[in-house]
2 protein chains.
Amino acid sequence: MLDREILIVDDEKDLRTMIRSIFESAGYTQITAAASGKEALAVIAKKTPGIIILDVMMPDMDGFELLQEIRAVSKVPVLMLTAKGEAEDRFAGFELGADDYLVKPFLPKELLLRVQAILKRAYPEKERVVTLNAAAVDLDRAEVIKEGQRTPLTAKEYSVFEKLAENAGRIVTVGVLCQTLCGEIWQGYETTLMTHIRHLREKIEENPSKPVSLLTVKGLGYKLLVKEPEK
Amino acid sequence: MLDREILIVDDEKDLRTMIRSIFESAGYTQITAAASGKEALAVIAKKTPGIIILDVMMPDMDGFELLQEIRAVSKVPVLMLTAKGEAEDRFAGFELGADDYLVKPFLPKELLLRVQAILKRAYPEKERVVTLNAAAVDLDRAEVIKEGQRTPLTAKEYSVFEKLAENAGRIVTVGVLCQTLCGEIWQGYETTLMTHIRHLREKIEENPSKPVSLLTVKGLGYKLLVKEPEK
DNA sequence: GCGCAATCTCAAGGTTATCTCAAGGTTCCC
DNA sequence: GGGAACCTTGAGATAACCTTGAGATTGCGC
């Protein structure tokens with residue numbers, strides 16, 4: 001959800017900056033701003049934003065016109081910003097296919113919540129499932145599916161696995177893994193990590209003593225081989 | 001949607017008849033008309049219409065007054081009919097809690113569309129009922145049905161359950177759950193959450209100490225197992 | 001406003017799955 | 001063959017969670 005591109009369309013520079021910073025501080029990285037309807041359409045022509053935040057009041061092409069133009073080519077979700085009191089704007093916007101509206105001035109938090117709600121509705125979460133050689137791991141459920149059987153992962157096992165899956169195919173050092181488990185000072189924890197690795201292997205490997213997915217790289221660390229690389 | 005009752009409030013007989021026929025020819029069957037505010041309130045007292053269409057200009061009690069009276073007892077959606085040019089009327093109506101307005105004269109089609117839009121928004125198609133192992137939860141009524149018995153959920157229990165149901169099957173972290181209860185700063189609230197979880201379990205589980213629907217995933221959070229996935 | 005009921009919050013003691021770690025075994029490389 | 005790195009197993013320690021009750025708070029009806 002965080003990696004969806006956000007397009008902000010507003011003629012006021014201050015507002016653009018403000019909105020951008022709201023999303024930046026919430027962890028969003030793909031943020032584009034346009035100062036006019038024309039600019040916005042140009043952006044849409046070459047990228048496909050996940051959501052568009054659109055101010056109704058703009059000089060060259062007002063929000064409604066722009067919304068119509070957008071709707072002619074795309075079904076991307078649109079949140080409209082309306083000035084206070086323009087209650088009828090809400091309905092005009094909805095009829096043209098806006099997904100939500102927000103009255104200025106608004107609280108940063110509110111904008112964030114609404115955008116997140118829209119994104120969630122528009123782009124239903126993909127299941128985070130990692131497929132391995134002998135089993136599959138559902139990260140959202142913290143479960144391993146092996147031979148039709150579901151086995152839960154414990155908290156530590158989950159952290160270790162998550163870290164390995166994040167770096168699927170690459171080597172993850174013992175130090176990094178330990179740190180995800182017990183923080184900065186991890187010296188002397190290697191033996192415990194081993195136990196967790198063992199338990200993981202018992203759950204995900206056909207034969208935990210002859211691992212084919214969660215491999216040891218002697219002297220360096222461990223690595224996880226996945227079938228379809230996690231997205 | 002077609003079976004929701006429509007209440008028309010207007011002092012002009014011709015208009016009442018016209019509006020009624022608009023809906024009748026669209027397939028609506030439950031249509032009631034009232035010629036005055038008093039009559040309207042009498043109707044509301046014994047029935048619960050799905051939507052009220054309300055003319056602003058009426059002799060005994062104008063539309064705004066009536067709207068206020070209605071809002072004192074009910075959240076039923078209201079569409080206001082205003083005469084042309086009374087721009088400020090719209091504003092006043094919205095402040096009092098009207099859901100939409102329409103300027104007279106209007107096209108039959110337009111009235112129909114707006115009413116349908118309101119009904120769709122106000123009464124989401126599907127009944128939000130979550131079926132669990134030992135009980136079912138009606139989110140719209142905030143009730144648990146277990147062994148034929150209906151038990152109400154409290155506000156907090158409802159929030160927790162709703163969040164879990166939204167992510168049915170997936171793990172919901174303690175942090176997320178606490179945030180839905182008390183906002184950003186939730187540290188130190190975990191113990192209270194536990195109590196709510198306990199109470200929920202007492203309502204939805206066969207044996208609250210051996211939960212099968214609302215499971216705890218130690219170190220990660222909780223998850224809810226539903227029978228028919230929601231949606 | 002006031003009192004009552006329902007709900008929420010929090011603490012204390014109990015329970016248990018999970019984590020940790022040690023001790024002995026295995027593999028691999030020099 | 002010897003050492004180093006890693007594996008395997010089990011058992012005790014522990015942190016996380018459960019359960020209950022009682023006080024605080026909220027909200028509702030009079």
# chains A, B, ... in the order shown; residues from 1 in each chain; ligands from 1
$ select_by_dssp --residues "stretch 84-218 of chain B" --states "alpha helix (DSSP H)" --output "PyMOL selection string"
chain B and resi 87-96+108-122+155-166+174-182+190-204
$ calpha_fit_rmsd --fixed "chain B" --moving "chain A"
13.9 Å
$ interface_residues --of "chain B" --to "chain C" --cutoff "10 Å" --atoms "only C-alpha atoms (C1' of nucleotides)" --output "PyMOL selection string"
chain B and resi 154-156+188-189+191-193+195-196+218-219
$ interface_residues --of "chain A" --to "chain D" --cutoff "12 Å" --atoms "only C-alpha atoms (C1' of nucleotides)" --output "list in words"
Ala155, Glu190, Thr191, Leu193, Met194, Thr195, His196, Ile197, Arg198, His199, Arg201, Glu202, Pro208, Ser209, Lys210, Pro211, Leu215, Thr216, Val217, Lys218, Gly219, Leu220, Gly221 and Tyr222 of chain A
$ residues_around --residues "A:Leu139" --least-positions-apart "6" --cutoff "8 Å" --atoms "only C-alpha atoms (C1' of nucleotides)" --output "number ranges by chain"
A: 128-130, 158, 162
$ write_last_selection --atoms "N, CA and C atoms" --output "CSV table (one decimal), in the first residue's frame"
chain,number,residue,atom,x,y,z
A,128,ARG,N,0.4,-12.2,1.3
A,128,ARG,CA,1.8,-12.3,1.3
A,128,ARG,C,2.2,-13.7,1.6
A,129,VAL,N,2.3,-14.5,0.5
A,129,VAL,CA,2.6,-15.9,0.6
A,129,VAL,C,4.0,-16.2,-0.1
A,130,VAL,N,4.8,-16.8,0.6
A,130,VAL,CA,6.1,-17.2,0.0
A,130,VAL,C,6.1,-18.7,-0.3
A,158,TYR,N,8.9,-16.3,13.2
A,158,TYR,CA,8.3,-15.4,12.2
A,158,TYR,C,9.3,-14.3,11.8
A,162,GLU,N,10.8,-13.8,8.2
A,162,GLU,CA,10.5,-12.6,7.5
A,162,GLU,C,11.8,-11.9,6.9
$ decode --residues "stretch 108-146 of chain A" --atoms "N, CA and C atoms" --output "PDB file, in the first residue's frame"
ATOM      1  N   PRO A 108      -4.136  16.772   9.019  1.00  0.00           N
ATOM      2  CA  PRO A 108      -3.270  15.833   8.289  1.00  0.00           C
ATOM      3  C   PRO A 108      -3.722  14.391   8.480  1.00  0.00           C
ATOM      4  N   LYS A 109      -3.992  14.070   9.699  1.00  0.00           N
ATOM      5  CA  LYS A 109      -4.403  12.707  10.042  1.00  0.00           C
ATOM      6  C   LYS A 109      -5.635  12.265   9.247  1.00  0.00           C
ATOM      7  N   GLU A 110      -6.541  13.206   9.084  1.00  0.00           N
ATOM      8  CA  GLU A 110      -7.774  12.849   8.392  1.00  0.00           C
ATOM      9  C   GLU A 110      -7.515  12.525   6.929  1.00  0.00           C
ATOM     10  N   LEU A 111      -6.695  13.359   6.303  1.00  0.00           N
ATOM     11  CA  LEU A 111      -6.354  13.102   4.908  1.00  0.00           C
ATOM     12  C   LEU A 111      -5.726  11.726   4.772  1.00  0.00           C
ATOM     13  N   LEU A 112      -4.811  11.470   5.665  1.00  0.00           N
ATOM     14  CA  LEU A 112      -4.095  10.204   5.644  1.00  0.00           C
ATOM     15  C   LEU A 112      -5.070   9.031   5.767  1.00  0.00           C
ATOM     16  N   LEU A 113      -5.953   9.133   6.735  1.00  0.00           N
ATOM     17  CA  LEU A 113      -6.908   8.047   6.966  1.00  0.00           C
ATOM     18  C   LEU A 113      -7.792   7.803   5.754  1.00  0.00           C
ATOM     19  N   ARG A 114      -8.250   8.895   5.166  1.00  0.00           N
ATOM     20  CA  ARG A 114      -9.150   8.738   4.022  1.00  0.00           C
ATOM     21  C   ARG A 114      -8.419   8.126   2.836  1.00  0.00           C
ATOM     22  N   VAL A 115      -7.223   8.610   2.600  1.00  0.00           N
ATOM     23  CA  VAL A 115      -6.453   8.068   1.482  1.00  0.00           C
ATOM     24  C   VAL A 115      -6.178   6.587   1.708  1.00  0.00           C
ATOM     25  N   GLN A 116      -5.830   6.258   2.929  1.00  0.00           N
ATOM     26  CA  GLN A 116      -5.549   4.859   3.223  1.00  0.00           C
ATOM     27  C   GLN A 116      -6.798   4.008   3.041  1.00  0.00           C
ATOM     28  N   ALA A 117      -7.939   4.562   3.449  1.00  0.00           N
ATOM     29  CA  ALA A 117      -9.186   3.825   3.296  1.00  0.00           C
ATOM     30  C   ALA A 117      -9.480   3.579   1.820  1.00  0.00           C
ATOM     31  N   ILE A 118      -9.270   4.601   1.009  1.00  0.00           N
ATOM     32  CA  ILE A 118      -9.536   4.464  -0.426  1.00  0.00           C
ATOM     33  C   ILE A 118      -8.604   3.437  -1.045  1.00  0.00           C
ATOM     34  N   LEU A 119      -7.327   3.556  -0.711  1.00  0.00           N
ATOM     35  CA  LEU A 119      -6.349   2.629  -1.287  1.00  0.00           C
ATOM     36  C   LEU A 119      -6.689   1.199  -0.910  1.00  0.00           C
ATOM     37  N   LYS A 120      -7.107   1.043   0.325  1.00  0.00           N
ATOM     38  CA  LYS A 120      -7.430  -0.293   0.793  1.00  0.00           C
ATOM     39  C   LYS A 120      -8.625  -0.854   0.020  1.00  0.00           C
ATOM     40  N   ARG A 121      -9.591   0.012  -0.238  1.00  0.00           N
ATOM     41  CA  ARG A 121     -10.771  -0.421  -0.950  1.00  0.00           C
ATOM     42  C   ARG A 121     -10.421  -0.735  -2.408  1.00  0.00           C
ATOM     43  N   ALA A 122      -9.621   0.148  -2.988  1.00  0.00           N
ATOM     44  CA  ALA A 122      -9.344   0.042  -4.415  1.00  0.00           C
ATOM     45  C   ALA A 122      -8.361  -1.080  -4.745  1.00  0.00           C
ATOM     46  N   TYR A 123      -7.420  -1.291  -3.851  1.00  0.00           N
ATOM     47  CA  TYR A 123      -6.411  -2.302  -4.113  1.00  0.00           C
ATOM     48  C   TYR A 123      -6.369  -3.321  -2.978  1.00  0.00           C
ATOM     49  N   PRO A 124      -7.266  -4.275  -3.026  1.00  0.00           N
ATOM     50  CA  PRO A 124      -7.326  -5.250  -1.936  1.00  0.00           C
ATOM     51  C   PRO A 124      -5.958  -5.903  -1.735  1.00  0.00           C
ATOM     52  N   GLU A 125      -5.579  -6.003  -0.500  1.00  0.00           N
ATOM     53  CA  GLU A 125      -4.280  -6.564  -0.117  1.00  0.00           C
ATOM     54  C   GLU A 125      -3.976  -7.862  -0.848  1.00  0.00           C
ATOM     55  N   LYS A 126      -2.803  -7.923  -1.354  1.00  0.00           N
ATOM     56  CA  LYS A 126      -2.383  -9.189  -1.897  1.00  0.00           C
ATOM     57  C   LYS A 126      -1.917 -10.046  -0.734  1.00  0.00           C
ATOM     58  N   GLU A 127      -2.191 -11.313  -0.822  1.00  0.00           N
ATOM     59  CA  GLU A 127      -1.743 -12.209   0.235  1.00  0.00           C
ATOM     60  C   GLU A 127      -0.227 -12.313   0.168  1.00  0.00           C
ATOM     61  N   ARG A 128       0.379 -12.169   1.287  1.00  0.00           N
ATOM     62  CA  ARG A 128       1.838 -12.284   1.311  1.00  0.00           C
ATOM     63  C   ARG A 128       2.195 -13.747   1.557  1.00  0.00           C
ATOM     64  N   VAL A 129       2.315 -14.471   0.488  1.00  0.00           N
ATOM     65  CA  VAL A 129       2.626 -15.887   0.597  1.00  0.00           C
ATOM     66  C   VAL A 129       3.952 -16.167  -0.104  1.00  0.00           C
ATOM     67  N   VAL A 130       4.824 -16.837   0.587  1.00  0.00           N
ATOM     68  CA  VAL A 130       6.118 -17.203   0.028  1.00  0.00           C
ATOM     69  C   VAL A 130       6.095 -18.702  -0.264  1.00  0.00           C
ATOM     70  N   THR A 131       6.372 -19.037  -1.491  1.00  0.00           N
ATOM     71  CA  THR A 131       6.355 -20.446  -1.864  1.00  0.00           C
ATOM     72  C   THR A 131       7.760 -21.020  -1.824  1.00  0.00           C
ATOM     73  N   LEU A 132       7.893 -22.122  -1.138  1.00  0.00           N
ATOM     74  CA  LEU A 132       9.202 -22.769  -1.023  1.00  0.00           C
ATOM     75  C   LEU A 132       9.147 -24.113  -1.718  1.00  0.00           C
ATOM     76  N   ASN A 133      10.201 -24.858  -1.526  1.00  0.00           N
ATOM     77  CA  ASN A 133      10.282 -26.147  -2.208  1.00  0.00           C
ATOM     78  C   ASN A 133       9.258 -27.154  -1.690  1.00  0.00           C
ATOM     79  N   ALA A 134       9.196 -27.264  -0.380  1.00  0.00           N
ATOM     80  CA  ALA A 134       8.331 -28.297   0.186  1.00  0.00           C
ATOM     81  C   ALA A 134       7.096 -27.720   0.868  1.00  0.00           C
ATOM     82  N   ALA A 135       7.059 -26.393   1.006  1.00  0.00           N
ATOM     83  CA  ALA A 135       5.965 -25.791   1.746  1.00  0.00           C
ATOM     84  C   ALA A 135       5.746 -24.356   1.276  1.00  0.00           C
ATOM     85  N   ALA A 136       4.667 -23.745   1.766  1.00  0.00           N
ATOM     86  CA  ALA A 136       4.421 -22.333   1.502  1.00  0.00           C
ATOM     87  C   ALA A 136       4.216 -21.645   2.848  1.00  0.00           C
ATOM     88  N   VAL A 137       4.616 -20.400   2.935  1.00  0.00           N
ATOM     89  CA  VAL A 137       4.469 -19.674   4.188  1.00  0.00           C
ATOM     90  C   VAL A 137       3.588 -18.461   3.961  1.00  0.00           C
ATOM     91  N   ASP A 138       2.521 -18.377   4.740  1.00  0.00           N
ATOM     92  CA  ASP A 138       1.614 -17.245   4.683  1.00  0.00           C
ATOM     93  C   ASP A 138       2.008 -16.258   5.773  1.00  0.00           C
ATOM     94  N   LEU A 139       2.597 -15.144   5.352  1.00  0.00           N
ATOM     95  CA  LEU A 139       3.115 -14.199   6.344  1.00  0.00           C
ATOM     96  C   LEU A 139       2.001 -13.482   7.090  1.00  0.00           C
ATOM     97  N   ASP A 140       0.881 -13.246   6.427  1.00  0.00           N
ATOM     98  CA  ASP A 140      -0.207 -12.544   7.106  1.00  0.00           C
ATOM     99  C   ASP A 140      -0.819 -13.380   8.220  1.00  0.00           C
ATOM    100  N   ARG A 141      -0.756 -14.665   8.028  1.00  0.00           N
ATOM    101  CA  ARG A 141      -1.347 -15.552   9.024  1.00  0.00           C
ATOM    102  C   ARG A 141      -0.296 -16.187   9.914  1.00  0.00           C
ATOM    103  N   ALA A 142       0.979 -15.969   9.579  1.00  0.00           N
ATOM    104  CA  ALA A 142       2.079 -16.595  10.307  1.00  0.00           C
ATOM    105  C   ALA A 142       1.888 -18.100  10.366  1.00  0.00           C
ATOM    106  N   GLU A 143       1.618 -18.662   9.187  1.00  0.00           N
ATOM    107  CA  GLU A 143       1.373 -20.096   9.115  1.00  0.00           C
ATOM    108  C   GLU A 143       2.187 -20.723   7.995  1.00  0.00           C
ATOM    109  N   VAL A 144       2.569 -21.953   8.214  1.00  0.00           N
ATOM    110  CA  VAL A 144       3.224 -22.730   7.170  1.00  0.00           C
ATOM    111  C   VAL A 144       2.217 -23.738   6.636  1.00  0.00           C
ATOM    112  N   ILE A 145       2.134 -23.843   5.328  1.00  0.00           N
ATOM    113  CA  ILE A 145       1.269 -24.862   4.738  1.00  0.00           C
ATOM    114  C   ILE A 145       2.169 -25.922   4.102  1.00  0.00           C
ATOM    115  N   LYS A 146       2.126 -27.098   4.662  1.00  0.00           N
ATOM    116  CA  LYS A 146       2.936 -28.195   4.136  1.00  0.00           C
ATOM    117  C   LYS A 146       2.068 -29.431   4.031  1.00  0.00           C
TER     118      LYS A 146
END
